[in-house]
>>> print(open('structure-v1.csv').read())   # CSV, N, CA and C atoms
chain,number,residue,atom,x,y,z
Q,1,MET,N,-4.8,-19.2,7.7
Q,1,MET,CA,-4.1,-20.4,7.7
Q,1,MET,C,-4.1,-21.0,9.1
Q,2,ASP,N,-4.3,-22.2,9.2
Q,2,ASP,CA,-4.4,-22.9,10.5
Q,2,ASP,C,-3.3,-24.0,10.5
Q,3,PRO,N,-2.1,-23.7,11.0
Q,3,PRO,CA,-1.0,-24.7,11.1
Q,3,PRO,C,-1.1,-25.5,12.3
Q,4,ARG,N,-0.7,-26.8,12.2
Q,4,ARG,CA,-0.6,-27.7,13.3
Q,4,ARG,C,0.8,-28.2,13.4
Q,5,ARG,N,1.4,-28.2,14.6
Q,5,ARG,CA,2.8,-28.7,14.7
Q,5,ARG,C,2.8,-30.0,15.5
Q,6,ASP,N,3.9,-30.7,15.3
Q,6,ASP,CA,4.2,-31.9,16.1
Q,6,ASP,C,5.1,-31.5,17.3
Q,7,GLY,N,4.7,-31.8,18.5
Q,7,GLY,CA,5.5,-31.5,19.7
Q,7,GLY,C,5.3,-30.0,20.2
Q,8,ASP,N,5.7,-29.9,21.4
Q,8,ASP,CA,5.5,-28.6,22.1
Q,8,ASP,C,6.8,-28.0,22.7
Q,9,ARG,N,7.9,-28.5,22.3
Q,9,ARG,CA,9.1,-28.0,22.9
Q,9,ARG,C,9.3,-26.5,22.7
Q,10,GLU,N,9.7,-25.9,23.8
Q,10,GLU,CA,9.7,-24.4,23.8
Q,10,GLU,C,10.5,-23.8,22.7
Q,11,GLN,N,11.7,-24.5,22.3
Q,11,GLN,CA,12.5,-24.0,21.2
Q,11,GLN,C,11.7,-24.0,19.9
Q,12,ARG,N,10.9,-25.0,19.7
Q,12,ARG,CA,10.2,-25.1,18.4
Q,12,ARG,C,9.1,-24.1,18.4
Q,13,VAL,N,8.4,-23.9,19.5
Q,13,VAL,CA,7.4,-22.8,19.6
Q,13,VAL,C,8.0,-21.5,19.2
Q,14,GLU,N,9.2,-21.2,19.9
Q,14,GLU,CA,9.8,-19.9,19.6
Q,14,GLU,C,10.2,-19.7,18.2
Q,15,ARG,N,10.8,-20.8,17.6
Q,15,ARG,CA,11.2,-20.7,16.2
Q,15,ARG,C,10.0,-20.5,15.3
Q,16,PHE,N,9.0,-21.2,15.5
Q,16,PHE,CA,7.8,-21.1,14.7
Q,16,PHE,C,7.3,-19.6,14.8
Q,17,GLU,N,7.1,-19.1,16.0
Q,17,GLU,CA,6.6,-17.8,16.1
Q,17,GLU,C,7.6,-16.7,15.5
Q,18,GLN,N,8.8,-16.8,15.8
Q,18,GLN,CA,9.8,-15.9,15.3
Q,18,GLN,C,9.8,-15.9,13.7
Q,19,THR,N,9.7,-17.1,13.1
Q,19,THR,CA,9.7,-17.2,11.7
Q,19,THR,C,8.5,-16.4,11.1
Q,20,LEU,N,7.4,-16.7,11.6
Q,20,LEU,CA,6.2,-16.1,11.1
Q,20,LEU,C,6.1,-14.6,11.4
Q,21,VAL,N,6.6,-14.1,12.5
Q,21,VAL,CA,6.6,-12.7,12.8
Q,21,VAL,C,7.5,-11.9,11.8
Q,22,ARG,N,8.5,-12.6,11.4
Q,22,ARG,CA,9.4,-11.9,10.4
Q,22,ARG,C,8.8,-11.8,9.0
Q,23,ALA,N,7.8,-12.6,8.7
Q,23,ALA,CA,7.2,-12.6,7.4
Q,23,ALA,C,6.3,-11.3,7.2
Q,24,PRO,N,6.6,-10.5,6.2
Q,24,PRO,CA,5.8,-9.3,6.0
Q,24,PRO,C,4.3,-9.6,5.6
Q,25,GLU,N,4.1,-10.8,5.0
Q,25,GLU,CA,2.7,-11.2,4.6
Q,25,GLU,C,1.8,-11.5,5.8
Q,26,VAL,N,2.4,-11.8,7.0
Q,26,VAL,CA,1.6,-12.1,8.2
Q,26,VAL,C,1.1,-10.9,8.8
Q,27,ILE,N,-0.2,-10.7,8.8
Q,27,ILE,CA,-0.8,-9.5,9.4
Q,27,ILE,C,-1.4,-9.7,10.8
Q,28,GLU,N,-1.5,-11.0,11.2
Q,28,GLU,CA,-2.1,-11.4,12.5
Q,28,GLU,C,-1.6,-12.8,12.8
Q,29,LEU,N,-1.1,-13.0,14.0
Q,29,LEU,CA,-0.7,-14.3,14.5
Q,29,LEU,C,-1.2,-14.5,15.9
Q,30,ARG,N,-2.0,-15.5,16.1
Q,30,ARG,CA,-2.5,-15.9,17.4
Q,30,ARG,C,-2.2,-17.3,17.8
Q,31,ARG,N,-1.7,-17.5,19.0
Q,31,ARG,CA,-1.6,-18.9,19.5
Q,31,ARG,C,-2.9,-19.3,20.1
Q,32,LEU,N,-3.4,-20.5,19.8
Q,32,LEU,CA,-4.7,-20.9,20.3
Q,32,LEU,C,-4.6,-22.1,21.2
Q,33,PHE,N,-5.7,-22.3,22.0
Q,33,PHE,CA,-5.8,-23.5,22.8
Q,33,PHE,C,-6.3,-24.6,21.9
Q,34,ASP,N,-5.9,-25.8,22.1
Q,34,ASP,CA,-6.3,-27.0,21.4
Q,34,ASP,C,-5.9,-27.0,19.9
Q,35,SER,N,-6.8,-27.3,19.0
Q,35,SER,CA,-6.4,-27.4,17.6
Q,35,SER,C,-7.3,-26.5,16.7
Q,36,PRO,N,-6.7,-25.8,15.8
Q,36,PRO,CA,-5.3,-25.8,15.4
Q,36,PRO,C,-4.4,-25.1,16.5
Q,37,ASP,N,-3.1,-25.1,16.3
Q,37,ASP,CA,-2.2,-24.5,17.3
Q,37,ASP,C,-2.2,-23.0,17.1
Q,38,TYR,N,-2.4,-22.5,15.9
Q,38,TYR,CA,-2.3,-21.1,15.6
Q,38,TYR,C,-3.3,-20.7,14.7
Q,39,PHE,N,-3.7,-19.4,14.7
Q,39,PHE,CA,-4.4,-18.7,13.7
Q,39,PHE,C,-3.5,-17.7,13.0
Q,40,VAL,N,-3.3,-17.8,11.7
Q,40,VAL,CA,-2.4,-16.9,11.0
Q,40,VAL,C,-3.2,-16.2,9.9
Q,41,ARG,N,-3.2,-14.9,10.0
Q,41,ARG,CA,-3.9,-14.1,8.9
Q,41,ARG,C,-2.8,-13.6,8.0
Q,42,VAL,N,-2.9,-13.9,6.7
Q,42,VAL,CA,-1.9,-13.6,5.7
Q,42,VAL,C,-2.5,-12.8,4.6
Q,43,ALA,N,-1.8,-11.7,4.2
Q,43,ALA,CA,-2.2,-10.9,3.1
Q,43,ALA,C,-1.3,-11.1,1.9
Q,44,VAL,N,-1.7,-11.6,0.8
Q,44,VAL,CA,-0.9,-11.8,-0.4
Q,44,VAL,C,-1.7,-11.4,-1.6
Q,45,ALA,N,-1.1,-11.2,-2.7
Q,45,ALA,CA,-1.7,-10.7,-3.9
Q,45,ALA,C,-2.5,-11.7,-4.6
Q,46,ASP,N,-2.0,-13.0,-4.6
Q,46,ASP,CA,-2.7,-14.1,-5.3
Q,46,ASP,C,-2.2,-15.4,-4.8
Q,47,LEU,N,-2.7,-16.5,-5.4
Q,47,LEU,CA,-2.3,-17.8,-5.0
Q,47,LEU,C,-0.8,-18.1,-5.2
Q,48,ALA,N,-0.3,-17.6,-6.3
Q,48,ALA,CA,1.2,-17.7,-6.5
Q,48,ALA,C,2.0,-17.1,-5.4
Q,49,ALA,N,1.6,-15.9,-4.9
Q,49,ALA,CA,2.2,-15.3,-3.8
Q,49,ALA,C,2.1,-16.1,-2.5
Q,50,TYR,N,0.9,-16.7,-2.3
Q,50,TYR,CA,0.7,-17.5,-1.2
Q,50,TYR,C,1.6,-18.7,-1.2
Q,51,GLU,N,1.7,-19.3,-2.3
Q,51,GLU,CA,2.6,-20.5,-2.5
Q,51,GLU,C,4.1,-20.1,-2.2
Q,52,THR,N,4.5,-18.9,-2.6
Q,52,THR,CA,5.8,-18.4,-2.3
Q,52,THR,C,6.0,-18.2,-0.8
Q,53,PHE,N,5.0,-17.6,-0.2
Q,53,PHE,CA,5.0,-17.4,1.3
Q,53,PHE,C,5.1,-18.7,2.0
Q,54,LEU,N,4.3,-19.7,1.6
Q,54,LEU,CA,4.4,-21.1,2.3
Q,54,LEU,C,5.8,-21.7,2.1
Q,55,SER,N,6.4,-21.6,0.9
Q,55,SER,CA,7.7,-22.3,0.7
Q,55,SER,C,8.8,-21.5,1.3
Q,56,THR,N,8.7,-20.2,1.4
Q,56,THR,CA,9.8,-19.3,1.9
Q,56,THR,C,9.8,-19.3,3.5
Q,57,TYR,N,8.6,-19.4,4.1
Q,57,TYR,CA,8.5,-19.3,5.5
Q,57,TYR,C,8.0,-20.5,6.2
Q,58,VAL,N,6.8,-20.9,5.9
Q,58,VAL,CA,6.2,-22.0,6.7
Q,58,VAL,C,6.8,-23.3,6.5
Q,59,MET,N,7.1,-23.7,5.3
Q,59,MET,CA,7.7,-25.0,5.0
Q,59,MET,C,9.2,-25.2,5.4
Q,60,THR,N,9.8,-24.1,5.9
Q,60,THR,CA,11.1,-24.1,6.4
Q,60,THR,C,11.2,-24.5,7.9
Q,61,ILE,N,10.0,-24.4,8.5
Q,61,ILE,CA,9.9,-24.7,10.0
Q,61,ILE,C,9.8,-26.2,10.2
Q,62,PRO,N,10.6,-26.8,11.0
Q,62,PRO,CA,10.5,-28.2,11.3
Q,62,PRO,C,9.2,-28.6,12.0
Q,63,ARG,N,8.8,-29.8,11.7
Q,63,ARG,CA,7.7,-30.5,12.4
Q,63,ARG,C,6.3,-29.8,12.2
Q,64,ILE,N,6.1,-29.2,11.1
Q,64,ILE,CA,4.8,-28.7,10.7
Q,64,ILE,C,4.0,-30.0,10.3
Q,65,ARG,N,3.0,-30.3,10.9
Q,65,ARG,CA,2.2,-31.5,10.6
Q,65,ARG,C,1.2,-31.3,9.6
Q,66,ASN,N,0.5,-30.2,9.6
Q,66,ASN,CA,-0.6,-30.0,8.7
Q,66,ASN,C,-0.8,-28.5,8.6
Q,67,ILE,N,-1.3,-28.0,7.4
Q,67,ILE,CA,-1.7,-26.6,7.2
Q,67,ILE,C,-3.0,-26.6,6.5
Q,68,THR,N,-4.0,-26.0,7.1
Q,68,THR,CA,-5.3,-25.8,6.5
Q,68,THR,C,-5.4,-24.3,6.1
Q,69,SER,N,-5.7,-24.1,4.8
Q,69,SER,CA,-5.8,-22.7,4.4
Q,69,SER,C,-7.3,-22.4,4.0
Q,70,HIS,N,-7.6,-21.1,4.3
Q,70,HIS,CA,-9.0,-20.7,4.0
Q,70,HIS,C,-8.9,-19.4,3.2
Q,71,PHE,N,-9.6,-19.3,2.1
Q,71,PHE,CA,-9.6,-18.2,1.2
Q,71,PHE,C,-11.0,-17.6,1.1
Q,72,THR,N,-11.1,-16.3,1.3
Q,72,THR,CA,-12.4,-15.6,1.2
Q,72,THR,C,-13.0,-15.6,-0.2
Q,73,MET,N,-14.2,-16.1,-0.3
Q,73,MET,CA,-14.9,-16.1,-1.5
Q,73,MET,C,-15.7,-14.7,-1.6
Q,74,LYS,N,-16.3,-14.3,-0.5
Q,74,LYS,CA,-17.1,-13.1,-0.5
Q,74,LYS,C,-17.1,-12.6,1.0
Q,75,ASN,N,-16.9,-11.3,1.1
Q,75,ASN,CA,-16.9,-10.7,2.5
Q,75,ASN,C,-18.4,-10.2,2.7
Q,76,VAL,N,-19.2,-11.0,3.4
Q,76,VAL,CA,-20.6,-10.8,3.6
Q,76,VAL,C,-20.8,-9.6,4.6
Q,77,LYS,N,-20.0,-9.6,5.6
Q,77,LYS,CA,-20.2,-8.6,6.7
Q,77,LYS,C,-18.8,-8.2,7.2
Q,78,PRO,N,-18.2,-7.2,6.6
Q,78,PRO,CA,-16.8,-6.8,7.0
Q,78,PRO,C,-16.7,-6.4,8.5
Q,79,ALA,N,-15.6,-6.7,9.1
Q,79,ALA,CA,-15.3,-6.2,10.5
Q,79,ALA,C,-15.3,-4.7,10.5
Q,80,PRO,N,-15.7,-4.1,11.7
Q,80,PRO,CA,-15.6,-2.7,11.7
Q,80,PRO,C,-14.2,-2.1,11.7
>>> encode(input="structure-v1.csv", output="structure tokens")
Amino acid sequence: MDPRRDGDREQRVERFEQTLVRAPEVIELRRLFDSPDYFVRVAVADLAAYETFLSTYVMTIPRIRNITSHFTMKNVKPAP
């Protein structure tokens, strides 16, 4: 998931990060330079679980401008 936020106020950054750190579905969270603002790796059982994750955690955070989601079709070369 690649979320993009509006604004850079420190409180908003902290709230965003704290909210996602609390989510058990988030297995990796990285703040990035430029765009997108973050890389979030999420582990869920299916699309319904992903929708629940989005509505429970991500959509409760103010000023989320855009979310781009990527789903693996085939793992061609797994990481070690």
>>> residues_around(input="structure-v1.csv", residues="range 16-21 of chain Q", least_positions_apart="6", cutoff="8 Å", atoms="only N, CA and C atoms", output="PyMOL selection string")
chain Q and resi 10+27+29+57-58+61-62
>>> write_last_selection(input="structure-v1.csv", atoms="N, CA and C atoms", output="compact mmCIF listing (two decimals), in the coordinates of the input")
# COMPACT_ATOMS: atom_id res chain seq x y z
N GLU Q 10 9.70 -25.90 23.80
CA GLU Q 10 9.70 -24.40 23.80
C GLU Q 10 10.50 -23.80 22.70
N ILE Q 27 -0.20 -10.70 8.80
CA ILE Q 27 -0.80 -9.50 9.40
C ILE Q 27 -1.40 -9.70 10.80
N LEU Q 29 -1.10 -13.00 14.00
CA LEU Q 29 -0.70 -14.30 14.50
C LEU Q 29 -1.20 -14.50 15.90
N TYR Q 57 8.60 -19.40 4.10
CA TYR Q 57 8.50 -19.30 5.50
C TYR Q 57 8.00 -20.50 6.20
N VAL Q 58 6.80 -20.90 5.90
CA VAL Q 58 6.20 -22.00 6.70
C VAL Q 58 6.80 -23.30 6.50
N ILE Q 61 10.00 -24.40 8.50
CA ILE Q 61 9.90 -24.70 10.00
C ILE Q 61 9.80 -26.20 10.20
N PRO Q 62 10.60 -26.80 11.00
CA PRO Q 62 10.50 -28.20 11.30
C PRO Q 62 9.20 -28.60 12.00
>>> select_by_dssp(input="structure-v1.csv", residues="range 22-74 of chain Q", states="alpha helix (DSSP H)", output="mmCIF file with N, CA and C atoms, keeping the file's coordinate frame")
data_model
loop_
_atom_site.group_PDB
_atom_site.id
_atom_site.type_symbol
_atom_site.label_atom_id
_atom_site.label_comp_id
_atom_site.auth_asym_id
_atom_site.auth_seq_id
_atom_site.Cartn_x
_atom_site.Cartn_y
_atom_site.Cartn_z
ATOM 1 N N ARG Q 22 8.500 -12.600 11.400
ATOM 2 C CA ARG Q 22 9.400 -11.900 10.400
ATOM 3 C C ARG Q 22 8.800 -11.800 9.000
ATOM 4 N N LEU Q 47 -2.700 -16.500 -5.400
ATOM 5 C CA LEU Q 47 -2.300 -17.800 -5.000
ATOM 6 C C LEU Q 47 -0.800 -18.100 -5.200
ATOM 7 N N ALA Q 48 -0.300 -17.600 -6.300
ATOM 8 C CA ALA Q 48 1.200 -17.700 -6.500
ATOM 9 C C ALA Q 48 2.000 -17.100 -5.400
ATOM 10 N N ALA Q 49 1.600 -15.900 -4.900
ATOM 11 C CA ALA Q 49 2.200 -15.300 -3.800
ATOM 12 C C ALA Q 49 2.100 -16.100 -2.500
ATOM 13 N N TYR Q 50 0.900 -16.700 -2.300
ATOM 14 C CA TYR Q 50 0.700 -17.500 -1.200
ATOM 15 C C TYR Q 50 1.600 -18.700 -1.200
ATOM 16 N N GLU Q 51 1.700 -19.300 -2.300
ATOM 17 C CA GLU Q 51 2.600 -20.500 -2.500
ATOM 18 C C GLU Q 51 4.100 -20.100 -2.200
ATOM 19 N N THR Q 52 4.500 -18.900 -2.600
ATOM 20 C CA THR Q 52 5.800 -18.400 -2.300
ATOM 21 C C THR Q 52 6.000 -18.200 -0.800
ATOM 22 N N PHE Q 53 5.000 -17.600 -0.200
ATOM 23 C CA PHE Q 53 5.000 -17.400 1.300
ATOM 24 C C PHE Q 53 5.100 -18.700 2.000
ATOM 25 N N LEU Q 54 4.300 -19.700 1.600
ATOM 26 C CA LEU Q 54 4.400 -21.100 2.300
ATOM 27 C C LEU Q 54 5.800 -21.700 2.100
ATOM 28 N N SER Q 55 6.400 -21.600 0.900
ATOM 29 C CA SER Q 55 7.700 -22.300 0.700
ATOM 30 C C SER Q 55 8.800 -21.500 1.300
ATOM 31 N N THR Q 56 8.700 -20.200 1.400
ATOM 32 C CA THR Q 56 9.800 -19.300 1.900
ATOM 33 C C THR Q 56 9.800 -19.300 3.500
#
>>> atom_distance(input="structure-v1.csv", atom1="CA of Leu54 in chain Q", atom2="CA of Pro80 in chain Q")
28.8 Å
>>> atom_distance(input="structure-v1.csv", atom1="atom C of Pro24 in chain Q", atom2="atom N of Val44 in chain Q")
7.9 Å
>>> closest_residue(input="structure-v1.csv", among="Q:Arg12, Q:Thr56, Q:Asn75, Q:Val26", to="Ala43 in chain Q", atoms="only C-alpha atoms")
Q:Val26
>>> atom_distance(input="structure-v1.csv", atom1="atom C of Phe53 in chain Q", atom2="CA of Thr68 in chain Q")
13.4 Å
>>> select_by_dssp(input="structure-v1.csv", residues="chain Q", states="strand (DSSP E)", output="list in words")
Asp2, Pro3, Arg4, Arg5, Val26, Ile27, Glu28, Leu29, Arg30, Arg31, Tyr38, Phe39, Val40, Arg41, Val42, Ile64, Arg65, Asn66, Ile67 and Thr68 of chain Q
